[in-house]
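The file work_15.tsv comes next; it holds TSV, C-alpha atoms.
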```tsv
chain	number	residue	atom	x	y	z
A	29	MET	CA	26.02	124.64	-92.79
A	30	LYS	CA	29.74	125.06	-93.61
A	31	LYS	CA	30.53	121.69	-91.95
A	32	SER	CA	27.88	120.08	-94.16
A	33	ILE	CA	29.37	121.60	-97.31
A	34	TYR	CA	32.87	120.58	-96.24
A	35	SER	CA	31.69	117.05	-95.44
A	36	LEU	CA	29.96	116.84	-98.84
A	37	ILE	CA	33.16	117.96	-100.63
A	38	CYS	CA	35.23	115.40	-98.70
A	39	PHE	CA	32.70	112.67	-99.44
A	40	CYS	CA	32.60	113.51	-103.16
A	41	SER	CA	36.41	113.62	-103.23
A	42	LEU	CA	36.64	110.24	-101.57
A	43	ILE	CA	34.12	108.72	-104.01
A	44	SER	CA	35.99	110.25	-106.96
A	45	THR	CA	39.28	108.84	-105.72
A	46	LEU	CA	37.76	105.40	-105.27
A	47	LEU	CA	36.18	105.47	-108.74
A	48	CYS	CA	39.45	106.52	-110.36
A	49	ALA	CA	41.37	103.82	-108.45
A	50	CYS	CA	38.93	101.14	-109.61
A	51	GLY	CA	39.62	101.94	-113.24
A	52	THR	CA	43.41	101.80	-112.97
A	53	GLN	CA	45.70	98.85	-112.66
A	54	GLN	CA	48.01	98.98	-109.66
A	55	SER	CA	51.71	98.48	-110.34
A	56	GLY	CA	53.97	96.57	-108.02
A	57	THR	CA	55.65	99.70	-106.64
A	58	ALA	CA	55.90	99.93	-102.89
A	59	VAL	CA	57.96	101.73	-100.25
A	60	LYS	CA	59.76	99.79	-97.54
A	61	ASP	CA	62.13	101.33	-95.00
A	62	GLY	CA	62.36	104.52	-97.07
A	63	SER	CA	63.43	102.70	-100.26
A	64	ILE	CA	61.37	102.43	-103.41
A	65	MET	CA	60.77	98.85	-104.58
A	66	ASP	CA	59.50	97.65	-107.94
A	67	SER	CA	58.27	94.15	-108.64
A	68	SER	CA	60.05	92.39	-111.45
A	69	GLU	CA	58.35	91.96	-114.77
A	70	GLU	CA	56.47	89.06	-116.36
A	71	GLY	CA	54.27	88.25	-113.36
A	72	ASP	CA	57.11	87.39	-110.95
A	73	ASN	CA	56.10	88.69	-107.51
A	74	THR	CA	59.66	88.95	-106.23
A	75	ALA	CA	60.46	92.51	-105.17
A	76	VAL	CA	63.81	93.97	-106.12
A	77	PHE	CA	65.33	96.99	-104.35
A	78	GLN	CA	66.47	99.73	-106.65
A	79	SER	CA	69.83	101.25	-105.78
A	80	ALA	CA	69.86	104.76	-104.33
A	81	ALA	CA	71.86	105.97	-107.34
A	82	GLN	CA	69.07	104.91	-109.73
A	83	GLU	CA	65.98	106.05	-107.81
A	84	PRO	CA	65.40	109.04	-105.53
A	85	SER	CA	64.62	108.19	-101.93
A	86	VAL	CA	61.41	108.94	-100.06
A	87	VAL	CA	61.70	112.07	-97.91
A	88	LYS	CA	58.17	112.03	-96.50
A	89	THR	CA	55.11	109.80	-96.75
A	90	TYR	CA	51.59	111.25	-96.65
A	91	GLU	CA	49.19	108.58	-95.37
A	92	VAL	CA	45.44	108.64	-96.06
A	93	SER	CA	43.49	110.45	-93.33
A	94	ALA	CA	39.74	110.22	-92.82
A	95	PRO	CA	37.71	113.45	-92.74
A	96	THR	CA	36.01	114.07	-89.39
A	97	GLU	CA	33.59	116.63	-88.01
A	98	GLU	CA	36.46	118.02	-85.92
A	99	SER	CA	38.71	118.47	-88.94
A	100	ALA	CA	36.10	120.57	-90.76
A	101	GLY	CA	37.40	123.76	-89.16
A	102	ASP	CA	41.10	122.81	-89.06
A	103	ASP	CA	43.78	124.02	-91.40
A	104	ASP	CA	45.04	120.46	-91.85
A	105	PHE	CA	44.75	118.66	-95.15
A	106	VAL	CA	42.59	115.58	-95.51
A	107	ILE	CA	44.82	113.17	-97.41
A	108	LEU	CA	42.79	111.12	-99.91
A	109	VAL	CA	45.59	109.23	-101.66
A	110	ARG	CA	48.85	107.99	-100.09
A	111	HIS	CA	51.72	109.80	-101.74
A	112	TYR	CA	55.41	110.45	-101.25
A	113	GLU	CA	57.78	113.40	-101.46
A	114	LEU	CA	61.02	112.26	-103.10
A	115	SER	CA	64.59	113.46	-102.54
A	116	ASP	CA	64.87	114.90	-106.06
A	117	GLY	CA	61.87	117.21	-105.50
A	118	SER	CA	59.40	115.07	-107.42
A	119	TRP	CA	56.27	113.40	-105.99
A	120	LYS	CA	54.97	109.86	-106.29
A	121	THR	CA	51.78	107.88	-105.73
A	122	ASP	CA	51.89	104.09	-105.70
A	123	THR	CA	51.45	104.10	-109.49
A	124	HIS	CA	52.83	107.34	-111.00
A	125	THR	CA	55.56	109.95	-110.53
A	126	TYR	CA	54.86	113.70	-110.87
A	127	GLN	CA	56.99	116.84	-111.17
A	128	TYR	CA	54.78	119.19	-109.15
A	129	ARG	CA	52.60	119.33	-106.03
A	130	LEU	CA	50.03	122.08	-106.58
A	131	GLU	CA	47.88	123.62	-103.82
A	132	ILE	CA	45.02	125.34	-105.64
A	133	THR	CA	42.84	127.64	-103.52
A	134	GLY	CA	39.61	129.44	-104.34
A	135	SER	CA	35.95	129.85	-103.50
A	136	LEU	CA	33.27	127.39	-104.58
A	137	GLY	CA	30.66	130.13	-104.67
A	138	GLY	CA	29.53	133.48	-103.35
A	139	ASN	CA	28.02	131.99	-100.18
A	140	ALA	CA	30.99	129.75	-99.29
A	141	ALA	CA	32.06	130.25	-95.68
A	142	LYS	CA	35.74	129.85	-96.57
A	143	ASP	CA	37.99	129.03	-99.48
A	144	SER	CA	38.73	125.45	-100.48
A	145	THR	CA	42.21	124.16	-101.27
A	146	PHE	CA	42.65	121.19	-103.59
A	147	VAL	CA	46.03	119.43	-103.77
A	148	PHE	CA	47.11	117.78	-107.01
A	149	LEU	CA	50.29	115.96	-107.88
A	150	SER	CA	50.88	116.97	-111.46
A	151	ASN	CA	53.06	116.83	-114.52
A	152	LEU	CA	51.22	119.96	-115.67
A	153	GLU	CA	52.81	123.15	-114.39
A	154	ASP	CA	49.51	124.98	-113.88
A	155	ILE	CA	45.98	123.89	-112.97
A	156	THR	CA	43.29	126.54	-112.50
A	157	PHE	CA	40.85	126.51	-109.58
A	158	ASP	CA	38.01	125.89	-112.04
A	159	GLN	CA	39.80	122.79	-113.37
A	160	ALA	CA	40.68	121.66	-109.82
A	161	TRP	CA	37.21	121.73	-108.29
A	162	LYS	CA	35.72	119.95	-111.30
A	163	ALA	CA	38.42	117.26	-111.30
A	164	SER	CA	38.02	116.77	-107.53
A	165	GLY	CA	34.84	114.76	-108.07
A	166	LEU	CA	32.31	117.58	-108.24
A	167	SER	CA	31.77	117.40	-111.99
A	168	SER	CA	29.57	114.87	-113.73
A	169	ASN	CA	31.40	115.47	-117.04
A	170	MET	CA	34.23	112.93	-117.40
A	171	ASN	CA	36.04	115.36	-119.73
A	172	ASP	CA	36.68	117.55	-116.65
A	173	TYR	CA	38.94	114.89	-115.10
A	174	PHE	CA	42.68	114.52	-115.70
A	175	LYS	CA	44.41	111.45	-117.04
A	176	GLU	CA	46.20	109.89	-114.08
A	177	GLU	CA	49.60	110.28	-115.75
A	178	ASP	CA	48.94	114.05	-116.04
A	179	ALA	CA	47.57	114.86	-112.57
A	180	LYS	CA	46.19	113.13	-109.48
A	181	TYR	CA	43.92	114.70	-106.84
A	182	VAL	CA	45.43	113.71	-103.47
A	183	ALA	CA	44.20	116.06	-100.70
A	184	ILE	CA	41.78	118.80	-99.69
A	185	LYS	CA	41.65	121.53	-97.05
```
Once you've parsed the file, please lay out its structure as structure tokens.
Amino acid sequence: MKKSIYSLICFCSLISTLLCACGTQQSGTAVKDGSIMDSSEEGDNTAVFQSAAQEPSVVKTYEVSAPTEESAGDDDFVILVRHYELSDGSWKTDTHTYQYRLEITGSLGGNAAKDSTFVFLSNLEDITFDQAWKASGLSSNMNDYFKEEDAKYVAIK
């Protein structure tokens, strides 16, 4: 039963991430050899490296990982959105930069076998567990979701 609930949460999270990604326009930001690249403006597809003095460097990349039956009992995070830890302590997705990485843990109900942890990259200093589970794709009310520039749901455990 707990694997089914976990699988449902992961599935809903994945769907939510895909729906949010469909409604946003991707920028030309990419990471190559640990350096952040931005495409030049006005439709030119030529990538220009930013100097290390102007942009923080990528310390660690978190690649998307698919949820599996085996991972249902693990303490590993299922990464839903590729994101990067930067040398200045900030965090970045392919489209936005955030000040904080918040791990928000709590119980989804009285009969939950274990707590759930939602990971958000955020420019908001505090997100409650109630806000987190709703914004993870489990709410049907679009007012429960964050604007992407404020916070982005990136992982679950």
Which residues come within 12 Å of Ser135 of chain A, counting all atoms listed in the file, excluding same-chain residues fewer than 3 positions away, as a list in words?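 Contacts, in chain order: Ile132, Gly138, Asn139, Ala140, Ala141, Lys142, Asp143, Ser144, Thr145, Phe146, Phe157, Asp158, Ala160, Trp161 and Lys185 of chain A.
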Could you give me, as a PDB file with C-alpha atoms, in the frame of the given file, the residues that have an atom at most 12 Å away from the point (50.6, 108.3, -119.6) in the coordinates of the file, using only C-alpha atoms?
```
ATOM      1  CA  THR A  52      43.410 101.800-112.970  1.00  0.00           C
ATOM      2  CA  THR A 123      51.450 104.100-109.490  1.00  0.00           C
ATOM      3  CA  HIS A 124      52.830 107.340-111.000  1.00  0.00           C
ATOM      4  CA  THR A 125      55.560 109.950-110.530  1.00  0.00           C
ATOM      5  CA  TYR A 126      54.860 113.700-110.870  1.00  0.00           C
ATOM      6  CA  SER A 150      50.880 116.970-111.460  1.00  0.00           C
ATOM      7  CA  ASN A 151      53.060 116.830-114.520  1.00  0.00           C
ATOM      8  CA  PHE A 174      42.680 114.520-115.700  1.00  0.00           C
ATOM      9  CA  LYS A 175      44.410 111.450-117.040  1.00  0.00           C
ATOM     10  CA  GLU A 176      46.200 109.890-114.080  1.00  0.00           C
ATOM     11  CA  GLU A 177      49.600 110.280-115.750  1.00  0.00           C
ATOM     12  CA  ASP A 178      48.940 114.050-116.040  1.00  0.00           C
ATOM     13  CA  ALA A 179      47.570 114.860-112.570  1.00  0.00           C
TER      14      ALA A 179
END
```
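For the pair atom CA of Trp119 of chain A and atom CA of Ile107 of chain A, the separation is 14.3 Å.
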Please compute the atom CA of Glu153 of chain A-atom CA of Val109 of chain A distance, one decimal, in Å. 20.2 Å
Given all atoms listed in the file as the basis, pick out the residue of A:Lys180, A:Ser93, A:Thr133, A:Ser118 nearest to Val106 of chain A.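 Once distances to Val106 of chain A are computed over all atoms listed in the file, the minimum belongs to A:Ser93.
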By how many Å are atom CA of Gln127 of chain A and atom CA of Tyr90 of chain A apart? 16.5 Å
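Each of A:Thr89, A:Leu130, A:Ala94, A:Leu149 was checked against Arg110 of chain A using all atoms listed in the file; the smallest atom-to-atom distance is that of A:Thr89.
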Restricting the calculation to all atoms listed in the file, which member of A:Thr96, A:Asp104, A:Val87, A:Glu131 is positioned closest to Gly117 of chain A?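 When distances to Gly117 of chain A are compared using all atoms listed in the file, the smallest one comes from A:Val87.
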Because some atoms of segment 160-183 of chain A are absent here, can you restore N, CA, C and O atoms and send them as a PDB file, in the coordinates of the input?
```
ATOM      1  N   ALA A 160      40.458 122.444-111.049  1.00  0.00           N
ATOM      2  CA  ALA A 160      40.680 121.660-109.820  1.00  0.00           C
ATOM      3  C   ALA A 160      39.376 121.219-109.175  1.00  0.00           C
ATOM      4  O   ALA A 160      39.213 120.046-108.830  1.00  0.00           O
ATOM      5  N   TRP A 161      38.429 122.143-108.999  1.00  0.00           N
ATOM      6  CA  TRP A 161      37.210 121.730-108.290  1.00  0.00           C
ATOM      7  C   TRP A 161      36.409 120.738-109.131  1.00  0.00           C
ATOM      8  O   TRP A 161      35.793 119.826-108.597  1.00  0.00           O
ATOM      9  N   LYS A 162      36.432 120.912-110.443  1.00  0.00           N
ATOM     10  CA  LYS A 162      35.720 119.950-111.300  1.00  0.00           C
ATOM     11  C   LYS A 162      36.370 118.572-111.228  1.00  0.00           C
ATOM     12  O   LYS A 162      35.692 117.555-111.103  1.00  0.00           O
ATOM     13  N   ALA A 163      37.699 118.530-111.301  1.00  0.00           N
ATOM     14  CA  ALA A 163      38.420 117.260-111.300  1.00  0.00           C
ATOM     15  C   ALA A 163      38.482 116.610-109.918  1.00  0.00           C
ATOM     16  O   ALA A 163      38.910 115.473-109.785  1.00  0.00           O
ATOM     17  N   SER A 164      38.002 117.319-108.892  1.00  0.00           N
ATOM     18  CA  SER A 164      38.020 116.770-107.530  1.00  0.00           C
ATOM     19  C   SER A 164      36.849 115.828-107.270  1.00  0.00           C
ATOM     20  O   SER A 164      36.733 115.283-106.175  1.00  0.00           O
ATOM     21  N   GLY A 165      35.990 115.661-108.248  1.00  0.00           N
ATOM     22  CA  GLY A 165      34.840 114.760-108.070  1.00  0.00           C
ATOM     23  C   GLY A 165      33.518 115.499-108.083  1.00  0.00           C
ATOM     24  O   GLY A 165      32.471 114.886-107.922  1.00  0.00           O
ATOM     25  N   LEU A 166      33.546 116.800-108.281  1.00  0.00           N
ATOM     26  CA  LEU A 166      32.310 117.580-108.240  1.00  0.00           C
ATOM     27  C   LEU A 166      31.674 117.778-109.616  1.00  0.00           C
ATOM     28  O   LEU A 166      30.609 118.365-109.722  1.00  0.00           O
ATOM     29  N   SER A 167      32.334 117.282-110.647  1.00  0.00           N
ATOM     30  CA  SER A 167      31.770 117.400-111.990  1.00  0.00           C
ATOM     31  C   SER A 167      31.230 116.048-112.452  1.00  0.00           C
ATOM     32  O   SER A 167      31.821 115.004-112.194  1.00  0.00           O
ATOM     33  N   SER A 168      30.127 116.095-113.161  1.00  0.00           N
ATOM     34  CA  SER A 168      29.570 114.870-113.730  1.00  0.00           C
ATOM     35  C   SER A 168      30.084 114.636-115.160  1.00  0.00           C
ATOM     36  O   SER A 168      29.821 113.602-115.750  1.00  0.00           O
ATOM     37  N   ASN A 169      30.854 115.578-115.696  1.00  0.00           N
ATOM     38  CA  ASN A 169      31.400 115.470-117.040  1.00  0.00           C
ATOM     39  C   ASN A 169      32.795 114.828-116.960  1.00  0.00           C
ATOM     40  O   ASN A 169      33.726 115.416-116.415  1.00  0.00           O
ATOM     41  N   MET A 170      32.960 113.642-117.481  1.00  0.00           N
ATOM     42  CA  MET A 170      34.230 112.930-117.400  1.00  0.00           C
ATOM     43  C   MET A 170      35.360 113.657-118.142  1.00  0.00           C
ATOM     44  O   MET A 170      36.537 113.425-117.874  1.00  0.00           O
ATOM     45  N   ASN A 171      35.021 114.569-119.041  1.00  0.00           N
ATOM     46  CA  ASN A 171      36.040 115.360-119.730  1.00  0.00           C
ATOM     47  C   ASN A 171      36.717 116.360-118.802  1.00  0.00           C
ATOM     48  O   ASN A 171      37.750 116.929-119.143  1.00  0.00           O
ATOM     49  N   ASP A 172      36.109 116.614-117.623  1.00  0.00           N
ATOM     50  CA  ASP A 172      36.680 117.550-116.650  1.00  0.00           C
ATOM     51  C   ASP A 172      37.770 116.905-115.799  1.00  0.00           C
ATOM     52  O   ASP A 172      38.426 117.589-115.017  1.00  0.00           O
ATOM     53  N   TYR A 173      37.966 115.605-115.912  1.00  0.00           N
ATOM     54  CA  TYR A 173      38.940 114.890-115.100  1.00  0.00           C
ATOM     55  C   TYR A 173      40.261 114.735-115.852  1.00  0.00           C
ATOM     56  O   TYR A 173      40.288 114.686-117.074  1.00  0.00           O
ATOM     57  N   PHE A 174      41.365 114.674-115.094  1.00  0.00           N
ATOM     58  CA  PHE A 174      42.680 114.520-115.700  1.00  0.00           C
ATOM     59  C   PHE A 174      43.009 113.046-115.913  1.00  0.00           C
ATOM     60  O   PHE A 174      42.548 112.188-115.174  1.00  0.00           O
ATOM     61  N   LYS A 175      43.822 112.777-116.903  1.00  0.00           N
ATOM     62  CA  LYS A 175      44.410 111.450-117.040  1.00  0.00           C
ATOM     63  C   LYS A 175      45.358 111.285-115.861  1.00  0.00           C
ATOM     64  O   LYS A 175      46.057 112.237-115.477  1.00  0.00           O
ATOM     65  N   GLU A 176      45.406 110.087-115.292  1.00  0.00           N
ATOM     66  CA  GLU A 176      46.200 109.890-114.080  1.00  0.00           C
ATOM     67  C   GLU A 176      47.687 110.174-114.305  1.00  0.00           C
ATOM     68  O   GLU A 176      48.377 110.613-113.395  1.00  0.00           O
ATOM     69  N   GLU A 177      48.188 109.974-115.503  1.00  0.00           N
ATOM     70  CA  GLU A 177      49.600 110.280-115.750  1.00  0.00           C
ATOM     71  C   GLU A 177      49.859 111.789-115.816  1.00  0.00           C
ATOM     72  O   GLU A 177      50.990 112.234-115.677  1.00  0.00           O
ATOM     73  N   ASP A 178      48.798 112.595-115.998  1.00  0.00           N
ATOM     74  CA  ASP A 178      48.940 114.050-116.040  1.00  0.00           C
ATOM     75  C   ASP A 178      48.799 114.696-114.665  1.00  0.00           C
ATOM     76  O   ASP A 178      49.566 115.600-114.317  1.00  0.00           O
ATOM     77  N   ALA A 179      47.801 114.263-113.888  1.00  0.00           N
ATOM     78  CA  ALA A 179      47.570 114.860-112.570  1.00  0.00           C
ATOM     79  C   ALA A 179      46.712 113.935-111.724  1.00  0.00           C
ATOM     80  O   ALA A 179      45.857 113.226-112.255  1.00  0.00           O
ATOM     81  N   LYS A 180      46.943 113.965-110.421  1.00  0.00           N
ATOM     82  CA  LYS A 180      46.190 113.130-109.480  1.00  0.00           C
ATOM     83  C   LYS A 180      45.778 113.985-108.288  1.00  0.00           C
ATOM     84  O   LYS A 180      46.609 114.631-107.658  1.00  0.00           O
ATOM     85  N   TYR A 181      44.481 113.984-107.985  1.00  0.00           N
ATOM     86  CA  TYR A 181      43.920 114.700-106.840  1.00  0.00           C
ATOM     87  C   TYR A 181      44.242 113.886-105.588  1.00  0.00           C
ATOM     88  O   TYR A 181      43.846 112.739-105.473  1.00  0.00           O
ATOM     89  N   VAL A 182      44.972 114.490-104.622  1.00  0.00           N
ATOM     90  CA  VAL A 182      45.430 113.710-103.470  1.00  0.00           C
ATOM     91  C   VAL A 182      44.985 114.245-102.109  1.00  0.00           C
ATOM     92  O   VAL A 182      45.045 113.513-101.118  1.00  0.00           O
ATOM     93  N   ALA A 183      44.562 115.513-102.014  1.00  0.00           N
ATOM     94  CA  ALA A 183      44.200 116.060-100.700  1.00  0.00           C
ATOM     95  C   ALA A 183      43.305 117.285-100.852  1.00  0.00           C
ATOM     96  O   ALA A 183      43.229 117.894-101.922  1.00  0.00           O
TER      97      ALA A 183
END
```
